[in-house]
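A.B. asks: Sharing model_24.pdb here; it has PDB, C-alpha atoms.
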```pdb
ATOM      1  CA  MET A   1       3.137   9.863  -7.342
ATOM      2  CA  ASP A   2       2.749  12.724  -4.858
ATOM      3  CA  ASN A   3       3.249  11.013  -1.508
ATOM      4  CA  PHE A   4       2.554  12.929   1.670
ATOM      5  CA  LEU A   5       3.873  10.154   3.912
ATOM      6  CA  GLU A   6       6.388   7.386   3.280
ATOM      7  CA  VAL A   7       7.378   4.630   5.684
ATOM      8  CA  LYS A   8      10.689   3.146   4.621
ATOM      9  CA  ASN A   9      11.979  -0.187   5.930
ATOM     10  CA  VAL A  10      10.696   0.397   9.455
ATOM     11  CA  THR A  11      11.415  -2.282  12.051
ATOM     12  CA  LYS A  12      10.326  -2.221  15.704
ATOM     13  CA  ARG A  13      10.971  -4.845  18.381
ATOM     14  CA  PHE A  14       9.712  -5.152  21.941
ATOM     15  CA  GLU A  15      11.886  -7.602  23.898
ATOM     16  CA  ASN A  16      11.432 -10.891  21.999
ATOM     17  CA  HIS A  17       8.511  -9.698  19.870
ATOM     18  CA  VAL A  18       8.927  -8.168  16.403
ATOM     19  CA  ALA A  19       6.055  -5.690  16.062
ATOM     20  CA  LEU A  20       7.079  -4.413  12.612
ATOM     21  CA  ASN A  21       9.475  -6.149  10.256
ATOM     22  CA  ASN A  22      10.958  -4.013   7.473
ATOM     23  CA  VAL A  23       7.632  -2.290   6.737
ATOM     24  CA  SER A  24       7.433   0.097   3.787
ATOM     25  CA  LEU A  25       4.349   1.903   2.507
ATOM     26  CA  SER A  26       3.354   5.154   0.836
ATOM     27  CA  VAL A  27       0.365   7.377   1.571
ATOM     28  CA  ARG A  28      -0.618   9.676  -1.287
ATOM     29  CA  LYS A  29      -1.526  13.291  -0.621
ATOM     30  CA  GLY A  30      -5.212  14.114  -0.445
ATOM     31  CA  ARG A  31      -6.379  10.481  -0.379
ATOM     32  CA  ILE A  32      -7.844   8.090   2.165
ATOM     33  CA  PHE A  33      -5.453   5.264   2.986
ATOM     34  CA  GLY A  34      -6.824   2.138   4.668
ATOM     35  CA  LEU A  35      -4.439   0.561   7.183
ATOM     36  CA  LEU A  36      -5.749  -2.958   7.665
ATOM     37  CA  GLY A  37      -4.802  -6.142   9.445
ATOM     38  CA  PRO A  38      -5.863  -8.609  12.128
ATOM     39  CA  ASN A  39      -5.356  -7.920  15.823
ATOM     40  CA  GLY A  40      -1.679  -7.996  16.753
ATOM     41  CA  ALA A  41      -0.478  -7.464  13.188
ATOM     42  CA  GLY A  42       1.450  -4.276  13.998
ATOM     43  CA  LYS A  43      -0.982  -1.505  12.960
ATOM     44  CA  THR A  44      -1.068   0.179  16.375
ATOM     45  CA  THR A  45       2.725   0.165  16.630
ATOM     46  CA  LEU A  46       2.973   1.827  13.225
ATOM     47  CA  ILE A  47       0.412   4.470  14.196
ATOM     48  CA  ARG A  48       2.378   5.200  17.388
ATOM     49  CA  ILE A  49       5.533   5.646  15.348
ATOM     50  CA  LEU A  50       3.751   8.066  13.000
ATOM     51  CA  ASN A  51       2.600  10.053  16.054
ATOM     52  CA  ARG A  52       6.124   9.924  17.504
ATOM     53  CA  ILE A  53       4.836   8.200  20.633
ATOM     54  CA  THR A  54       7.560   5.635  20.043
ATOM     55  CA  ALA A  55      10.488   5.444  17.639
ATOM     56  CA  PRO A  56      11.465   2.728  15.154
ATOM     57  CA  ASP A  57      14.561   0.635  15.789
ATOM     58  CA  SER A  58      15.512   1.098  12.127
ATOM     59  CA  GLY A  59      14.102   2.681   9.003
ATOM     60  CA  GLU A  60      12.625   6.157   8.596
ATOM     61  CA  VAL A  61       9.431   8.104   8.069
ATOM     62  CA  ILE A  62       9.296  10.734   5.326
ATOM     63  CA  PHE A  63       6.738  13.440   6.108
ATOM     64  CA  ASP A  64       5.711  15.848   3.350
ATOM     65  CA  GLY A  65       8.916  15.250   1.394
ATOM     66  CA  ARG A  66      11.492  15.224   4.207
ATOM     67  CA  PRO A  67      12.488  13.135   7.229
ATOM     68  CA  MET A  68       9.876  13.476   9.948
ATOM     69  CA  GLU A  69      10.671  15.836  12.829
ATOM     70  CA  ALA A  70       9.218  16.211  16.311
ATOM     71  CA  ASP A  71       7.272  19.370  15.434
ATOM     72  CA  ASP A  72       5.406  17.542  12.669
ATOM     73  CA  VAL A  73       3.013  16.090  15.229
ATOM     74  CA  MET A  74       1.380  19.540  15.278
ATOM     75  CA  ARG A  75       0.311  18.852  11.692
ATOM     76  CA  ILE A  76      -1.324  15.532  12.653
ATOM     77  CA  GLY A  77      -4.759  14.846  14.084
ATOM     78  CA  TYR A  78      -5.043  11.455  15.784
ATOM     79  CA  LEU A  79      -8.267   9.774  16.866
ATOM     80  CA  PRO A  80      -7.186   6.678  18.852
ATOM     81  CA  GLU A  81      -9.290   3.556  19.208
ATOM     82  CA  GLU A  82      -9.031   3.859  22.979
ATOM     83  CA  ARG A  83     -10.528   7.267  23.699
ATOM     84  CA  GLY A  84      -8.557   9.537  26.015
ATOM     85  CA  LEU A  85     -10.824  12.334  27.225
ATOM     86  CA  TYR A  86     -11.083  13.354  30.878
ATOM     87  CA  ARG A  87     -14.435  12.153  32.133
ATOM     88  CA  LYS A  88     -14.729  14.603  35.066
ATOM     89  CA  MET A  89     -14.027  17.731  33.007
ATOM     90  CA  LYS A  90     -16.718  19.758  31.291
ATOM     91  CA  VAL A  91     -16.934  19.068  27.568
ATOM     92  CA  GLY A  92     -16.336  22.609  26.293
ATOM     93  CA  GLU A  93     -13.595  23.381  28.795
ATOM     94  CA  GLN A  94     -11.768  20.199  27.880
ATOM     95  CA  ALA A  95     -12.124  20.760  24.138
ATOM     96  CA  VAL A  96     -10.709  24.285  24.416
ATOM     97  CA  TYR A  97      -7.791  23.047  26.526
ATOM     98  CA  LEU A  98      -6.871  20.333  24.002
ATOM     99  CA  ALA A  99      -7.257  22.720  21.082
ATOM    100  CA  ARG A 100      -4.804  25.144  22.700
ATOM    101  CA  LEU A 101      -2.290  22.315  23.020
ATOM    102  CA  LYS A 102      -2.452  22.117  19.218
ATOM    103  CA  GLY A 103      -1.570  25.795  18.862
ATOM    104  CA  LEU A 104      -4.963  27.526  18.683
ATOM    105  CA  SER A 105      -5.705  30.635  20.719
ATOM    106  CA  LYS A 106      -8.589  30.436  23.171
ATOM    107  CA  GLU A 107     -10.730  32.713  21.036
ATOM    108  CA  GLU A 108     -10.083  30.760  17.823
ATOM    109  CA  ALA A 109     -10.651  27.449  19.623
ATOM    110  CA  VAL A 110     -14.031  28.571  20.981
ATOM    111  CA  THR A 111     -15.135  29.891  17.589
ATOM    112  CA  ARG A 112     -14.217  26.688  15.751
ATOM    113  CA  LEU A 113     -15.635  24.455  18.480
ATOM    114  CA  ARG A 114     -18.992  26.199  18.478
ATOM    115  CA  THR A 115     -19.229  25.737  14.701
ATOM    116  CA  TRP A 116     -18.498  22.020  14.978
ATOM    117  CA  PHE A 117     -20.713  21.505  18.037
ATOM    118  CA  GLU A 118     -23.641  23.088  16.235
ATOM    119  CA  LYS A 119     -22.997  20.987  13.136
ATOM    120  CA  PHE A 120     -23.033  17.812  15.249
ATOM    121  CA  GLY A 121     -26.025  18.949  17.337
ATOM    122  CA  ILE A 122     -24.211  18.787  20.684
ATOM    123  CA  MET A 123     -24.051  22.458  21.681
ATOM    124  CA  GLU A 124     -26.304  21.797  24.685
ATOM    125  CA  TRP A 125     -23.579  19.540  26.123
ATOM    126  CA  TRP A 126     -20.912  22.273  26.260
ATOM    127  CA  ASP A 127     -21.146  22.725  30.042
ATOM    128  CA  ARG A 128     -21.820  19.086  30.904
ATOM    129  CA  LYS A 129     -19.201  16.656  32.176
ATOM    130  CA  LEU A 130     -17.971  14.075  29.704
ATOM    131  CA  GLU A 131     -19.133  11.210  31.946
ATOM    132  CA  GLU A 132     -22.714  12.365  31.346
ATOM    133  CA  LEU A 133     -22.401  11.760  27.589
ATOM    134  CA  SER A 134     -23.230   8.546  25.776
ATOM    135  CA  LYS A 135     -20.397   6.716  24.038
ATOM    136  CA  GLY A 136     -21.517   8.079  20.678
ATOM    137  CA  MET A 137     -21.699  11.657  21.983
ATOM    138  CA  ALA A 138     -18.219  11.386  23.503
ATOM    139  CA  GLN A 139     -16.987  10.002  20.207
ATOM    140  CA  LYS A 140     -18.296  13.076  18.396
ATOM    141  CA  VAL A 141     -16.443  15.332  20.831
ATOM    142  CA  GLN A 142     -13.187  13.454  20.310
ATOM    143  CA  PHE A 143     -13.598  13.550  16.526
ATOM    144  CA  ILE A 144     -14.088  17.335  16.677
ATOM    145  CA  ILE A 145     -10.974  17.758  18.824
ATOM    146  CA  THR A 146      -9.010  15.631  16.337
ATOM    147  CA  VAL A 147      -9.848  17.775  13.299
ATOM    148  CA  LEU A 148     -10.204  21.196  14.966
ATOM    149  CA  HIS A 149      -6.672  22.497  14.302
ATOM    150  CA  ASN A 150      -7.040  21.684  10.581
ATOM    151  CA  PRO A 151      -4.152  19.170  10.421
ATOM    152  CA  ASP A 152      -2.602  18.092   7.131
ATOM    153  CA  LEU A 153      -2.620  14.419   8.164
ATOM    154  CA  LEU A 154      -5.536  12.772   9.971
ATOM    155  CA  ILE A 155      -5.274   9.312  11.523
ATOM    156  CA  PHE A 156      -8.572   7.680  12.459
ATOM    157  CA  ASP A 157      -8.419   4.388  14.376
ATOM    158  CA  GLU A 158     -11.849   2.680  14.365
ATOM    159  CA  PRO A 159     -13.659   6.039  14.094
ATOM    160  CA  PHE A 160     -17.156   4.524  13.798
ATOM    161  CA  SER A 161     -16.948   2.579  17.049
ATOM    162  CA  GLY A 162     -19.920   3.381  19.286
ATOM    163  CA  PHE A 163     -22.007   5.001  16.544
ATOM    164  CA  ASP A 164     -25.466   4.014  15.371
ATOM    165  CA  PRO A 165     -25.935   3.856  11.551
ATOM    166  CA  VAL A 166     -27.245   7.434  11.290
ATOM    167  CA  ASN A 167     -24.322   8.986  13.167
ATOM    168  CA  ALA A 168     -21.833   6.675  11.446
ATOM    169  CA  GLU A 169     -23.082   7.951   8.095
ATOM    170  CA  GLN A 170     -22.724  11.552   9.270
ATOM    171  CA  LEU A 171     -19.146  10.902  10.349
ATOM    172  CA  LYS A 172     -18.377   9.139   7.071
ATOM    173  CA  GLN A 173     -19.578  12.168   5.125
ATOM    174  CA  GLU A 174     -17.438  14.449   7.295
ATOM    175  CA  ILE A 175     -14.371  12.297   6.573
ATOM    176  CA  LEU A 176     -15.081  12.393   2.836
ATOM    177  CA  GLN A 177     -15.471  16.167   3.015
ATOM    178  CA  LEU A 178     -12.121  16.457   4.799
ATOM    179  CA  LYS A 179     -10.585  14.538   1.912
ATOM    180  CA  GLU A 180     -12.213  16.918  -0.576
ATOM    181  CA  GLN A 181     -10.641  19.808   1.344
ATOM    182  CA  GLY A 182      -7.199  18.309   0.681
ATOM    183  CA  HIS A 183      -6.454  16.475   3.923
ATOM    184  CA  THR A 184      -4.527  13.216   3.798
ATOM    185  CA  ILE A 185      -6.236  10.527   5.871
ATOM    186  CA  ILE A 186      -5.130   7.205   7.331
ATOM    187  CA  PHE A 187      -8.130   5.072   8.214
ATOM    188  CA  SER A 188      -7.618   1.983  10.380
ATOM    189  CA  THR A 189     -10.539  -0.369  10.919
ATOM    190  CA  HIS A 190     -11.721  -3.976  10.988
ATOM    191  CA  ASN A 191     -14.914  -3.016   9.153
ATOM    192  CA  MET A 192     -14.228  -3.983   5.551
ATOM    193  CA  ALA A 193     -17.511  -2.473   4.352
ATOM    194  CA  SER A 194     -16.312   0.944   5.552
ATOM    195  CA  VAL A 195     -13.013   0.406   3.757
ATOM    196  CA  GLU A 196     -14.818  -0.204   0.473
ATOM    197  CA  GLU A 197     -16.955   2.895   0.937
ATOM    198  CA  ILE A 198     -14.253   5.472   1.604
ATOM    199  CA  CYS A 199     -10.690   4.235   0.959
ATOM    200  CA  ASP A 200      -8.684   5.005  -2.173
ATOM    201  CA  ASP A 201      -5.627   2.910  -1.285
ATOM    202  CA  ILE A 202      -4.916   0.219   1.299
ATOM    203  CA  ALA A 203      -2.110  -1.648   2.988
ATOM    204  CA  LEU A 204      -2.703  -4.949   4.739
ATOM    205  CA  ILE A 205      -0.314  -5.895   7.535
ATOM    206  CA  ASN A 206      -0.056  -9.434   8.863
ATOM    207  CA  HIS A 207       2.528 -10.942  11.218
ATOM    208  CA  SER A 208       4.336  -7.562  11.340
ATOM    209  CA  GLU A 209       4.808  -7.329   7.568
ATOM    210  CA  VAL A 210       2.985  -5.667   4.686
ATOM    211  CA  VAL A 211       1.406  -8.502   2.697
ATOM    212  CA  LEU A 212      -0.728  -6.452   0.325
ATOM    213  CA  GLN A 213      -0.812  -2.825  -0.729
ATOM    214  CA  GLY A 214      -1.916  -0.639  -3.603
ATOM    215  CA  GLU A 215      -4.879   1.173  -5.076
ATOM    216  CA  MET A 216      -8.158  -0.431  -4.075
ATOM    217  CA  ARG A 217      -9.528  -0.698  -7.597
ATOM    218  CA  GLN A 218      -6.397  -2.427  -8.848
ATOM    219  CA  ILE A 219      -6.393  -4.835  -5.916
ATOM    220  CA  LYS A 220     -10.035  -5.783  -6.440
ATOM    221  CA  ASP A 221      -9.356  -6.269 -10.134
ATOM    222  CA  ARG A 222      -6.371  -8.508  -9.344
ATOM    223  CA  PHE A 223      -8.516 -10.780  -7.183
ATOM    224  CA  ARG A 224     -11.386 -11.179  -9.640
ATOM    225  CA  THR A 225     -12.454 -14.807  -9.908
ATOM    226  CA  GLY A 226     -14.356 -14.857 -13.191
ATOM    227  CA  LEU A 227     -17.608 -15.808 -11.448
ATOM    228  CA  TYR A 228     -20.907 -14.434 -12.794
ATOM    229  CA  GLU A 229     -24.506 -14.611 -11.625
ATOM    230  CA  LEU A 230     -27.218 -15.259 -14.199
ATOM    231  CA  ASN A 231     -30.984 -15.123 -13.701
ATOM    232  CA  THR A 232     -33.140 -16.507 -16.487
ATOM    233  CA  PRO A 233     -36.648 -18.016 -16.835
ATOM    234  CA  GLN A 234     -35.153 -20.791 -18.966
ATOM    235  CA  THR A 235     -32.918 -23.786 -18.366
ATOM    236  CA  LEU A 236     -29.283 -23.313 -19.317
ATOM    237  CA  ALA A 237     -27.360 -26.292 -20.624
ATOM    238  CA  ASP A 238     -23.825 -26.770 -19.334
ATOM    239  CA  GLN A 239     -21.171 -26.319 -22.001
ATOM    240  CA  ASP A 240     -18.515 -28.657 -23.235
ATOM    241  CA  GLY A 241     -16.598 -25.727 -24.709
ATOM    242  CA  ASP A 242     -14.326 -23.132 -23.165
ATOM    243  CA  CYS A 243     -16.798 -20.255 -22.692
ATOM    244  CA  PHE A 244     -18.186 -21.124 -19.258
ATOM    245  CA  SER A 245     -19.106 -23.860 -16.809
ATOM    246  CA  ILE A 246     -21.997 -24.018 -14.340
ATOM    247  CA  VAL A 247     -20.789 -23.836 -10.740
ATOM    248  CA  SER A 248     -24.232 -23.992  -9.107
ATOM    249  CA  HIS A 249     -27.918 -23.788 -10.022
ATOM    250  CA  ASP A 250     -31.196 -23.460  -8.139
ATOM    251  CA  THR A 251     -34.771 -22.426  -8.834
ATOM    252  CA  ARG A 252     -36.560 -19.724  -6.840
ATOM    253  CA  LEU A 253     -39.900 -18.048  -7.530
ATOM    254  CA  GLY A 254     -40.040 -19.441 -11.043
ATOM    255  CA  MET A 255     -36.589 -18.132 -11.966
ATOM    256  CA  GLU A 256     -33.430 -20.134 -12.691
ATOM    257  CA  HIS A 257     -30.415 -18.817 -10.778
ATOM    258  CA  TYR A 258     -26.972 -19.819 -12.061
ATOM    259  CA  LEU A 259     -23.457 -19.193 -10.838
ATOM    260  CA  LEU A 260     -21.118 -19.453 -13.809
ATOM    261  CA  GLN A 261     -17.361 -19.716 -14.097
ATOM    262  CA  ALA A 262     -16.063 -17.950 -17.185
ATOM    263  CA  GLY A 263     -13.452 -19.772 -19.195
ATOM    264  CA  GLU A 264      -9.859 -18.562 -19.107
ATOM    265  CA  GLY A 265      -9.542 -15.275 -20.963
ATOM    266  CA  VAL A 266     -13.308 -14.956 -21.507
ATOM    267  CA  THR A 267     -14.594 -11.452 -20.771
ATOM    268  CA  GLY A 268     -17.967 -10.582 -19.296
ATOM    269  CA  ASN A 269     -19.070  -9.103 -22.622
ATOM    270  CA  GLU A 270     -18.151 -12.290 -24.463
ATOM    271  CA  LEU A 271     -19.926 -14.424 -21.880
ATOM    272  CA  VAL A 272     -23.197 -12.489 -21.896
ATOM    273  CA  LYS A 273     -23.194 -12.473 -25.696
ATOM    274  CA  GLN A 274     -22.945 -16.269 -25.656
ATOM    275  CA  LEU A 275     -25.672 -16.559 -23.034
ATOM    276  CA  CYS A 276     -28.058 -14.351 -25.026
ATOM    277  CA  ASN A 277     -27.838 -16.891 -27.851
ATOM    278  CA  GLU A 278     -28.980 -19.665 -25.523
ATOM    279  CA  VAL A 279     -31.459 -18.248 -22.983
ATOM    280  CA  GLU A 280     -33.401 -15.113 -22.108
ATOM    281  CA  VAL A 281     -31.112 -13.145 -19.817
ATOM    282  CA  GLN A 282     -33.139 -11.543 -17.028
ATOM    283  CA  SER A 283     -30.086 -10.283 -15.135
ATOM    284  CA  PHE A 284     -26.341 -10.832 -15.361
ATOM    285  CA  ALA A 285     -23.624  -9.590 -13.011
ATOM    286  CA  GLU A 286     -20.037 -10.351 -12.100
ATOM    287  CA  GLN A 287     -19.301 -11.448  -8.539
ATOM    288  CA  ILE A 288     -16.702  -8.849  -7.603
ATOM    289  CA  PRO A 289     -14.690  -9.932  -4.543
ATOM    290  CA  SER A 290     -15.321  -7.783  -1.490
ATOM    291  CA  MET A 291     -12.494  -6.429   0.622
ATOM    292  CA  ASN A 292     -13.592  -8.880   3.294
ATOM    293  CA  ASP A 293     -13.118 -11.761   0.812
ATOM    294  CA  ILE A 294      -9.691 -10.439  -0.151
ATOM    295  CA  PHE A 295      -8.715  -9.904   3.481
ATOM    296  CA  LEU A 296      -9.567 -13.498   4.369
ATOM    297  CA  LYS A 297      -7.897 -14.915   1.275
ATOM    298  CA  VAL A 298      -4.627 -13.057   1.793
ATOM    299  CA  ILE A 299      -4.445 -13.516   5.555
ATOM    300  CA  GLY A 300      -5.406 -17.170   5.242
ATOM    301  CA  LYS A 301      -2.656 -17.908   2.752
ATOM    302  CA  ASP A 302      -0.119 -15.301   3.960
ATOM    303  CA  THR A 303       0.345 -14.488   0.282
ATOM    304  CA  LYS A 304       2.566 -11.468  -0.316
ATOM    305  CA  TRP A 305       1.464  -8.988  -2.944
ATOM    306  CA  ASN A 306       2.608  -5.444  -3.455
ATOM    307  CA  GLU A 307       1.619  -2.602  -5.719
ATOM    308  CA  GLU A 308       4.201  -3.419  -8.397
ATOM    309  CA  GLN A 309       3.085  -7.059  -8.611
ATOM    310  CA  ILE A 310      -0.554  -6.014  -8.874
ATOM    311  CA  GLU A 311       0.167  -3.560 -11.684
ATOM    312  CA  SER A 312       2.340  -6.020 -13.608
ATOM    313  CA  LYS A 313      -0.209  -8.819 -13.407
ATOM    314  CA  SER A 314      -3.371  -6.797 -14.101
TER
END
```
I'd like the structure from this file rewritten - as structure tokens, please.
C.D. replies:
Amino acid sequence: MDNFLEVKNVTKRFENHVALNNVSLSVRKGRIFGLLGPNGAGKTTLIRILNRITAPDSGEVIFDGRPMEADDVMRIGYLPEERGLYRKMKVGEQAVYLARLKGLSKEEAVTRLRTWFEKFGIMEWWDRKLEELSKGMAQKVQFIITVLHNPDLLIFDEPFSGFDPVNAEQLKQEILQLKEQGHTIIFSTHNMASVEEICDDIALINHSEVVLQGEMRQIKDRFRTGLYELNTPQTLADQDGDCFSIVSHDTRLGMEHYLLQAGEGVTGNELVKQLCNEVEVQSFAEQIPSMNDIFLKVIGKDTKWNEEQIESKS
């Protein structure tokens, strides 16, 4: 695996609180990595370590194949959850200033900013103070500043906060395009629907430890429950055999709706073949667990899974 970032056995304590306890994870190059967990789990501490705002007590961070150095922060773009723009400064002036801190010349900064401002439809706000902007507008400005210097690694912490659905979709498409351009992205959010839409891999942190990590598709496959939804105009008899059992049944608008539990080892193809012999199948679909379901299940049970366990059990 071609990892752009590796966190190896990182531990961080603050007085009597352990913020991170022997945390290890790998972020693959050119992919979107979801960093998930409940409030207080340790995500923010890890992000601060990656940005070299604070240092780990033990462990190390490998950045692009070597131990991370101070200058590597110039190759990172960080959009924090708590926005940090200066409200009394003019938008364009502030954006140019921050871009120059990331190594761009004034001329290059202005050129790139104008391109992004026009793309986001905010050029008219260039000479306005930030305090005059709505939360969503200010969020667009901060996103632009984050990506402007074309960093190799992008860290987005709740990037859709403050956006209406239309602007959230625009930002999502921009993030996906950045991935297509080869950027490596860490995406931290509580919105599990967003995770499902854009993340390739995830790590779930709880109580300062990684409790689940791996490729999203493998994780979802590991947590499959064998539940299927069946819609039919006919009545289905429960089975005494091993193919399936009826979990629930109700009738709506002249259609019989069943939730079925497949027997152990029974595939969806085998189940639908059996059902076609018994009733007219109007629709049939597996209930795939959502990331929200998985999040609640793992956090609720504090069950520890890692990528190797997922691969060996799938």
A.B. asks: Quick one: distance from CA of Phe63 in chain A to CA of Glu158 in chain A in Å, one decimal?
C.D. replies: 23.0 Å
A.B. asks: Pull the closest atom pair for each residue of range 189-305 of chain A that gets at most 12 Å from range 165-183 of chain A, along with the distance in Å to one decimal, counting only C-alpha atoms, ordering rows by chain and then ascending residue number, as a Markdown table.
C.D. replies:
```
| residue | atom | partner | partner_atom | distance |
| --- | --- | --- | --- | --- |
| A:Ala193 | CA | A:Lys172 | CA | 12.0 |
| A:Ser194 | CA | A:Lys172 | CA | 8.6 |
| A:Val195 | CA | A:Lys172 | CA | 10.8 |
| A:Glu196 | CA | A:Lys172 | CA | 12.0 |
| A:Glu197 | CA | A:Lys172 | CA | 8.9 |
| A:Ile198 | CA | A:Leu176 | CA | 7.1 |
| A:Cys199 | CA | A:Leu176 | CA | 9.5 |
| A:Asp200 | CA | A:Lys179 | CA | 10.5 |
```
A.B. asks: Pick from A:Gln94, A:Asn292, A:Thr189, A:Gln239: nearest to Gln142 in chain A, with all atoms listed in the file counted?
C.D. replies: A:Gln94
A.B. asks: Applied to this file, what does the PyMOL selection byres ((chain A and resi 152) around 12) return in terms of residues, put as a PyMOL selection string?
C.D. replies: chain A and resi 4-5+29-31+63-64+72-78+146-151+153-155+178-179+181-186
A.B. asks: Find the residues around Phe284 in chain A up to 10 Å (all atoms listed in the file counted), leave out those fewer than 3 positions away in its own chain, and share them as a ChimeraX atom specification.
C.D. replies: /A:228-232,258-259,268,271-272,275,281,287
A.B. asks: Could you write those residues out with C-alpha atoms, as an mmCIF file, in the coordinates of the input?
C.D. replies:
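Output file again31.cif is given in full below:
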```cif
data_model
loop_
_atom_site.group_PDB
_atom_site.id
_atom_site.type_symbol
_atom_site.label_atom_id
_atom_site.label_comp_id
_atom_site.auth_asym_id
_atom_site.auth_seq_id
_atom_site.Cartn_x
_atom_site.Cartn_y
_atom_site.Cartn_z
ATOM 1 C CA TYR A 228 -20.907 -14.434 -12.794
ATOM 2 C CA GLU A 229 -24.506 -14.611 -11.625
ATOM 3 C CA LEU A 230 -27.218 -15.259 -14.199
ATOM 4 C CA ASN A 231 -30.984 -15.123 -13.701
ATOM 5 C CA THR A 232 -33.140 -16.507 -16.487
ATOM 6 C CA TYR A 258 -26.972 -19.819 -12.061
ATOM 7 C CA LEU A 259 -23.457 -19.193 -10.838
ATOM 8 C CA GLY A 268 -17.967 -10.582 -19.296
ATOM 9 C CA LEU A 271 -19.926 -14.424 -21.880
ATOM 10 C CA VAL A 272 -23.197 -12.489 -21.896
ATOM 11 C CA LEU A 275 -25.672 -16.559 -23.034
ATOM 12 C CA VAL A 281 -31.112 -13.145 -19.817
ATOM 13 C CA GLN A 287 -19.301 -11.448 -8.539
#
```
A.B. asks: What's around Gly162 in chain A at 7 Å? Count only C-alpha atoms, leave out sequence neighbours fewer than 2 positions away in its own chain, and write the answer as a ChimeraX atom specification.
C.D. replies: /A:135-136,160,164
A.B. asks: As a list in words, please: the residues near range 240-252 of chain A (cut-off 8 Å, all atoms listed in the file, same-chain neighbours under 3 positions excluded).
C.D. replies: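 Near neighbours after the sequence-gap exclusion: Met255, Glu256, His257, Tyr258, Leu259, Leu260, Gln261, Ala262, Gly263, Glu264, Val266, Leu271 and Gln274 of chain A.
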A.B. asks: With all atoms listed in the file as the atoms that count, which of A:Asp157, A:Asp221, A:Glu131, A:Glu286 lies nearest to Leu35 in chain A?
C.D. replies: A:Asp157
A.B. asks: Assuming the chain letters and numbering stay as they are in my file, what does the PyMOL selection byres ((chain A and resi 19) around 9) actually select? List them as a list in words.
C.D. replies: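 Evaluating the PyMOL selection byres ((chain A and resi 19) around 9) on this file yields Thr11, Lys12, Arg13, Phe14, His17, Val18, Leu20, Asn21, Gly40, Ala41, Gly42, Lys43, Thr45, Leu46, His207, Ser208 and Glu209 of chain A.
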A.B. asks: Just checking: using all atoms listed in the file, which residue out of A:Glu108, A:Val91, A:Asn191, A:Val141 ends up closest to Trp126 in chain A?
C.D. replies: A:Val91
A.B. asks: Just the number, please: distance in Å from CA of Asn39 in chain A to CA of Asp57 in chain A, one decimal.
C.D. replies: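 Going from CA of Asn39 in chain A over to CA of Asp57 in chain A, I get 21.7 Å.
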A.B. asks: Draw an axis-aligned box over all listed atoms of range 209-219 of chain A, pad each side with 5 Å, and write its centre and edge lengths in Å, one decimal, as AutoDock Vina command-line options.
C.D. replies:
```
--center_x -2.4 --center_y -3.7 --center_z -0.6 --size_x 24.3 --size_y 19.7 --size_z 26.4
```
A.B. asks: From the set A:Val210, A:Leu85, A:Val110, A:Leu104, which residue has the shortest atom-to-atom contact distance to Asn9 in chain A, counting all atoms listed in the file?
C.D. replies: A:Val210
A.B. asks: Check the smallest atom-to-atom distance from each of A:Thr267, A:Val61, A:Phe163, A:Ser26 to Ser134 in chain A using all atoms listed in the file, then report the winner.
C.D. replies: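 Checking each candidate against Ser134 in chain A, we get A:Phe163 as the closest.
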A.B. asks: Would you mind telling me which residue in A:Leu236, A:Leu204, A:Met89, A:Ala109 lies nearest to Glu132 in chain A when using all atoms listed in the file?
C.D. replies: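 Result for the nearest residue to Glu132 in chain A: A:Met89.
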A.B. asks: Can you translate the PyMOL selection byres ((chain A and resi 295-297) around 12) into the concrete residues it hits in this file, as an MDAnalysis selection string?
C.D. replies: chainID A and resid 35:38 190:193 195:196 202:206 211:213 219:220 223 289:294 298:305
A.B. asks: Could you give me, as a compact mmCIF listing (two decimals) with C-alpha atoms, keeping the file's coordinate frame, the residues within 6 Å of Phe187 in chain A, counting only C-alpha atoms and dropping anything in the same chain fewer than 2 positions from it?
C.D. replies:
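The file below, part_2.txt, is the result:
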```txt
# COMPACT_ATOMS: atom_id res chain seq x y z
CA PHE A 33 -5.45 5.26 2.99
CA GLY A 34 -6.82 2.14 4.67
CA LEU A 35 -4.44 0.56 7.18
CA PHE A 156 -8.57 7.68 12.46
```
